file final06.txt (compact mmCIF, C-alpha atoms)
# COMPACT_ATOMS: atom_id res chain seq x y z
CA MET A 441 -54.45 -114.71 -66.56
CA ILE A 442 -55.46 -112.60 -69.57
CA ASP A 443 -59.23 -112.47 -70.01
CA GLU A 444 -60.75 -113.08 -73.43
CA ARG A 445 -61.56 -109.41 -74.14
CA LYS A 446 -58.02 -108.29 -73.39
CA LYS A 447 -56.60 -111.19 -75.36
CA PHE A 448 -58.69 -110.06 -78.33
CA GLN A 449 -57.56 -106.43 -77.93
CA LEU A 450 -53.94 -107.57 -77.72
CA LEU A 451 -54.34 -109.66 -80.85
CA ILE A 452 -55.96 -106.74 -82.71
CA GLY A 453 -53.21 -104.34 -81.58
CA VAL A 454 -50.43 -106.68 -82.64
CA ALA A 455 -52.13 -107.60 -85.93
CA THR A 456 -52.74 -103.92 -86.72
CA SER A 457 -49.12 -103.00 -86.06
CA VAL A 458 -47.88 -105.87 -88.21
CA VAL A 459 -50.26 -104.94 -91.04
CA VAL A 460 -49.41 -101.23 -90.86
CA ILE A 461 -45.66 -101.86 -90.83
CA GLY A 462 -46.00 -104.43 -93.61
CA MET A 463 -48.11 -102.02 -95.68
CA LEU A 464 -45.57 -99.25 -95.22
CA PHE A 465 -42.86 -101.60 -96.41
CA ALA A 466 -44.95 -102.64 -99.41
CA ILE A 467 -45.79 -99.02 -100.29
CA GLY A 468 -42.15 -98.10 -99.94
CA LEU A 469 -41.07 -100.93 -102.19
CA THR A 470 -43.61 -100.42 -104.92
CA ALA A 471 -43.68 -96.61 -105.05
CA ASP A 472 -42.35 -95.36 -108.36
CA ASP A 473 -41.25 -91.92 -107.32
CA GLU A 474 -38.41 -91.61 -104.87
CA PRO A 475 -39.03 -94.53 -102.54
CA ASP A 476 -35.99 -93.41 -100.55
CA ASN A 477 -38.11 -90.60 -99.10
CA LEU A 478 -40.63 -93.11 -97.86
CA TRP A 479 -37.91 -95.07 -96.10
CA ALA A 480 -36.70 -91.89 -94.47
CA ILE A 481 -40.24 -91.00 -93.37
CA LEU A 482 -40.90 -94.51 -92.06
CA THR A 483 -37.61 -94.52 -90.16
CA ALA A 484 -38.32 -91.08 -88.73
CA VAL A 485 -41.82 -92.10 -87.61
CA ILE A 486 -40.47 -95.16 -85.79
CA VAL A 487 -37.58 -93.28 -84.17
CA VAL A 488 -39.84 -90.42 -83.05
CA SER A 489 -42.39 -92.91 -81.65
CA ILE A 490 -39.68 -94.63 -79.60
CA ALA A 491 -38.19 -91.33 -78.45
CA VAL A 492 -41.58 -89.94 -77.35
CA THR A 493 -42.44 -93.16 -75.51
CA ALA A 494 -39.03 -93.21 -73.79
CA ALA A 495 -39.40 -89.57 -72.75
CA LEU A 496 -42.87 -90.17 -71.29
CA VAL A 497 -41.72 -93.27 -69.42
CA ALA A 498 -38.63 -91.46 -68.06
CA ARG A 499 -40.76 -88.53 -66.87
CA LYS A 500 -43.20 -90.84 -65.12
CA ARG A 501 -40.34 -92.79 -63.48
CA ARG A 502 -38.68 -89.62 -62.22
CA LYS A 503 -41.94 -88.42 -60.69
CA GLU A 504 -42.46 -91.80 -58.99
CA MET A 505 -38.88 -91.87 -57.69
CA ARG A 506 -39.48 -88.54 -55.97
CA GLN A 507 -42.54 -90.05 -54.29
CA GLY A 508 -40.56 -93.09 -53.14
CA ILE A 509 -42.43 -95.55 -55.37
CA PRO A 510 -40.19 -98.41 -56.57
CA SER A 511 -39.71 -98.42 -60.34
CA ASP A 512 -39.93 -102.20 -60.48
CA ASP A 513 -41.50 -104.97 -58.48
CA GLU A 514 -42.19 -108.63 -59.18
CA ARG A 515 -45.31 -107.94 -61.27
CA SER A 516 -43.72 -105.23 -63.44
CA THR A 517 -40.66 -107.45 -64.00
CA ALA A 518 -42.90 -110.36 -65.03
CA LEU A 519 -44.85 -108.00 -67.29
CA LYS A 520 -41.68 -106.85 -69.05
CA MET A 521 -40.57 -110.41 -69.59
CA ARG A 522 -43.96 -111.41 -70.98
CA ALA A 523 -44.13 -108.36 -73.26
CA GLY A 524 -40.57 -109.02 -74.44
CA TYR A 525 -41.36 -112.63 -75.21
CA LEU A 526 -44.52 -111.72 -77.13
CA SER A 527 -42.88 -108.88 -79.09
CA PHE A 528 -40.00 -111.20 -79.99
CA PHE A 529 -42.41 -113.70 -81.54
CA VAL A 530 -44.40 -110.99 -83.32
CA SER A 531 -41.14 -109.57 -84.71
CA MET A 532 -40.14 -113.01 -85.96
CA TYR A 533 -43.42 -113.31 -87.84
CA LEU A 534 -42.90 -109.77 -89.17
CA CYS A 535 -39.48 -110.81 -90.49
CA LEU A 536 -41.09 -113.85 -92.07
CA ALA A 537 -43.79 -111.68 -93.68
CA LEU A 538 -41.18 -109.27 -95.04
CA GLY A 539 -39.11 -112.16 -96.35
CA TRP A 540 -42.20 -113.39 -98.15
CA ILE A 541 -42.88 -109.91 -99.59
CA PHE A 542 -39.28 -109.60 -100.79
CA GLY A 543 -38.87 -113.17 -101.95
CA VAL A 544 -42.24 -114.00 -103.48
CA LEU A 545 -44.36 -110.94 -104.15
CA LEU A 546 -41.61 -108.67 -105.42
CA GLU A 547 -39.48 -111.30 -107.11
CA ASP A 548 -40.36 -110.28 -110.65
CA THR A 549 -40.97 -106.59 -110.12
CA THR A 550 -38.62 -103.68 -110.52
CA ALA A 551 -39.28 -102.47 -107.00
CA LYS A 552 -36.34 -100.87 -105.30
CA VAL A 553 -35.32 -103.04 -102.36
CA PRO A 554 -33.70 -101.16 -99.47
CA SER A 555 -30.25 -102.05 -98.21
CA THR A 556 -29.81 -104.77 -95.60
CA GLY A 557 -28.73 -102.15 -93.07
CA THR A 558 -31.92 -100.15 -93.61
CA VAL A 559 -34.08 -103.25 -93.28
CA MET A 560 -32.28 -104.31 -90.08
CA PHE A 561 -32.64 -100.84 -88.60
CA ILE A 562 -36.35 -100.69 -89.35
CA LEU A 563 -36.92 -104.21 -88.01
CA VAL A 564 -35.18 -103.45 -84.73
CA ALA A 565 -37.07 -100.17 -84.41
CA ALA A 566 -40.34 -101.93 -85.25
CA MET A 567 -39.54 -104.50 -82.55
CA GLY A 568 -39.30 -101.63 -80.06
CA VAL A 569 -42.64 -100.22 -81.17
CA ILE A 570 -44.29 -103.65 -80.97
CA TYR A 571 -42.85 -104.11 -77.46
CA ALA A 572 -44.27 -100.75 -76.39
CA ILE A 573 -47.72 -101.61 -77.78
CA VAL A 574 -47.79 -105.07 -76.18
CA TRP A 575 -46.54 -103.73 -72.82
CA THR A 576 -49.14 -100.93 -72.82
CA VAL A 577 -52.04 -103.23 -73.60
CA MET A 578 -50.96 -105.84 -71.07
CA SER A 579 -50.18 -103.43 -68.25
CA ARG A 580 -53.49 -101.65 -68.54
CA GLY A 581 -55.67 -104.64 -69.02
CA THR A 582 -54.39 -107.37 -66.79
CA GLY A 583 -52.38 -108.02 -63.71
CA MET A 584 -50.23 -110.54 -65.58
CA PRO A 585 -50.08 -114.23 -64.80
CA MET B 126 -58.92 -117.70 -55.95
CA ARG B 127 -59.74 -114.49 -54.07
CA THR B 128 -57.91 -112.55 -51.42
CA ARG B 129 -58.97 -110.86 -48.21
CA ILE B 130 -56.54 -107.99 -48.66
CA LYS B 131 -59.21 -105.35 -49.28
CA GLU B 132 -61.18 -106.35 -46.21
CA LEU B 133 -58.07 -106.52 -44.01
CA ARG B 134 -56.77 -103.22 -45.34
CA ALA B 135 -60.02 -101.55 -44.37
CA ARG B 136 -59.77 -103.10 -40.91
CA HIS B 137 -56.30 -101.60 -40.51
CA ASP B 138 -57.47 -98.30 -42.05
CA MET B 139 -54.86 -98.67 -44.76
CA THR B 140 -55.01 -97.52 -48.38
CA GLN B 141 -53.57 -99.49 -51.31
CA ASP B 142 -50.82 -96.92 -51.44
CA ASP B 143 -49.98 -97.37 -47.75
CA LEU B 144 -49.76 -101.12 -48.12
CA ALA B 145 -47.70 -100.84 -51.31
CA ARG B 146 -45.20 -98.54 -49.60
CA ARG B 147 -44.89 -100.85 -46.58
CA ILE B 148 -43.97 -103.85 -48.72
CA ARG B 149 -42.11 -101.82 -51.36
CA VAL B 150 -44.18 -102.66 -54.42
CA ARG B 151 -46.13 -100.54 -56.86
CA ARG B 152 -49.75 -99.67 -56.03
CA GLU B 153 -51.02 -101.35 -59.21
CA THR B 154 -49.63 -104.65 -57.96
CA ILE B 155 -51.83 -104.43 -54.86
CA LEU B 156 -54.81 -103.47 -57.05
CA PHE B 157 -54.33 -106.47 -59.34
CA ILE B 158 -53.80 -108.86 -56.43
CA GLU B 159 -57.01 -107.60 -54.79
CA ASN B 160 -58.93 -108.07 -58.02
CA GLY B 161 -57.61 -111.60 -58.38
CA LYS B 162 -55.83 -110.78 -61.63
CA TYR B 163 -52.32 -111.34 -60.34
CA ILE B 164 -51.15 -114.18 -58.15
CA PRO B 165 -48.29 -112.95 -55.95
CA SER B 166 -45.17 -114.93 -55.19
CA LEU B 167 -44.95 -116.68 -51.84
CA LYS B 168 -42.48 -114.03 -50.65
CA LEU B 169 -44.84 -111.17 -51.54
CA ALA B 170 -47.82 -112.98 -50.02
CA HIS B 171 -45.77 -113.45 -46.85
CA ASP B 172 -44.87 -109.75 -46.75
CA ILE B 173 -48.51 -108.72 -47.20
CA ALA B 174 -49.68 -111.16 -44.54
CA LYS B 175 -47.04 -109.88 -42.12
CA VAL B 176 -48.15 -106.26 -42.55
CA LEU B 177 -51.79 -107.24 -42.10
CA ASN B 178 -50.99 -109.40 -39.04
CA ILE B 179 -52.34 -112.66 -40.42
CA THR B 180 -50.88 -115.84 -41.89
CA VAL B 181 -50.41 -116.44 -45.62
CA ASP B 182 -53.08 -119.13 -45.45
CA GLU B 183 -55.63 -116.67 -44.08
CA LEU B 184 -54.88 -114.16 -46.83
CA PHE B 185 -56.42 -116.21 -49.63
CA ILE B 186 -59.85 -117.74 -50.18
CA PHE B 187 -59.78 -120.70 -52.51
CA ASP B 188 -62.98 -121.36 -54.44
CA ASP B 189 -62.97 -125.06 -53.59
CA ASP B 190 -62.80 -124.35 -49.84
call {"tool": "encode", "arguments": {"input": "final06.txt", "output": "structure tokens"}}
result
Amino acid sequence: MIDERKKFQLLIGVATSVVVIGMLFAIGLTADDEPDNLWAILTAVIVVSIAVTAALVARKRRKEMRQGIPSDDERSTALKMRAGYLSFFVSMYLCLALGWIFGVLLEDTTAKVPSTGTVMFILVAAMGVIYAIVWTVMSRGTGMP
Amino acid sequence: MRTRIKELRARHDMTQDDLARRIRVRRETILFIENGKYIPSLKLAHDIAKVLNITVDELFIFDDD
């Protein structure tokens, strides 16, 4: 079970990531000068974050394989499933928040809305980042259910 | 619920790493089971008990016992 302190840290981590991503979207949408650059920067930040995380995980796995440590066991599998489930729900709420920003807050503004492809790409990338955050917090703090 | 893994490991002069390797799990899994933060499956509990030469029942201490 997750203790209260870890639950709070997890909530703060997830809330922070949602707020930061949401703010970046809002800044990107409302910026007057060349918002396209902001999209490019945001996309690059997300892609680099995922690439760095993947590289670190791969390096750790390779080292463990040499030592004969299994890459997965029942706890790590359960942890992945739990982190995936949580990041899926957080991503859904993120989509909802972005829909609200696009549909309600920016309805009457002249903000430049990015293409559907760009939004989809950023959402999927953000989902990956959220998964990494949730997995990290959960794996360090608890043993899982 | 608590476990007697730590105590039994010490009796067998076994580290967490040794036990993890014997039952083919990651060391953290043993750590979390010992700390009562992860409840293992029946299969894993059986494997641990087998290595430590006890029964599954003897591996755990239930608070209402």
call {"tool": "closest_residue", "arguments": {"input": "final06.txt", "among": "B:Pro165, B:Ile173, B:Ile130, B:Ala135", "to": "Arg147 of chain B", "atoms": "only C-alpha atoms"}}
result
B:Ile173
call {"tool": "atom_distance", "arguments": {"input": "final06.txt", "atom1": "atom CA of Val577 of chain A", "atom2": "atom CA of Ala494 of chain A"}}
result
16.4 Å
call {"tool": "interface_residues", "arguments": {"input": "final06.txt", "of": "chain B", "to": "chain A", "cutoff": "8 Å", "atoms": "all atoms listed in the file", "output": "PyMOL selection string"}}
result
chain B and resi 146+149-151+154+157-158+162-165
call {"tool": "atom_distance", "arguments": {"input": "final06.txt", "atom1": "atom CA of Asn178 of chain B", "atom2": "atom CA of Leu519 of chain A"}}
result
28.9 Å
call {"tool": "residues_around", "arguments": {"input": "final06.txt", "residues": "Arg134 of chain B", "least_positions_apart": "6", "cutoff": "8 Å", "atoms": "only C-alpha atoms", "output": "number ranges by chain"}}
result
B: 140-141, 144, 177
call {"tool": "atom_distance", "arguments": {"input": "final06.txt", "atom1": "atom CA of Ala495 of chain A", "atom2": "atom CA of Leu526 of chain A"}}
result
23.2 Å
call {"tool": "residues_around", "arguments": {"input": "final06.txt", "residues": "Glu132 of chain B", "least_positions_apart": "4", "cutoff": "12 Å", "atoms": "only C-alpha atoms", "output": "ChimeraX atom specification"}}
result
/B:127-128,136-141,159,177,183-185
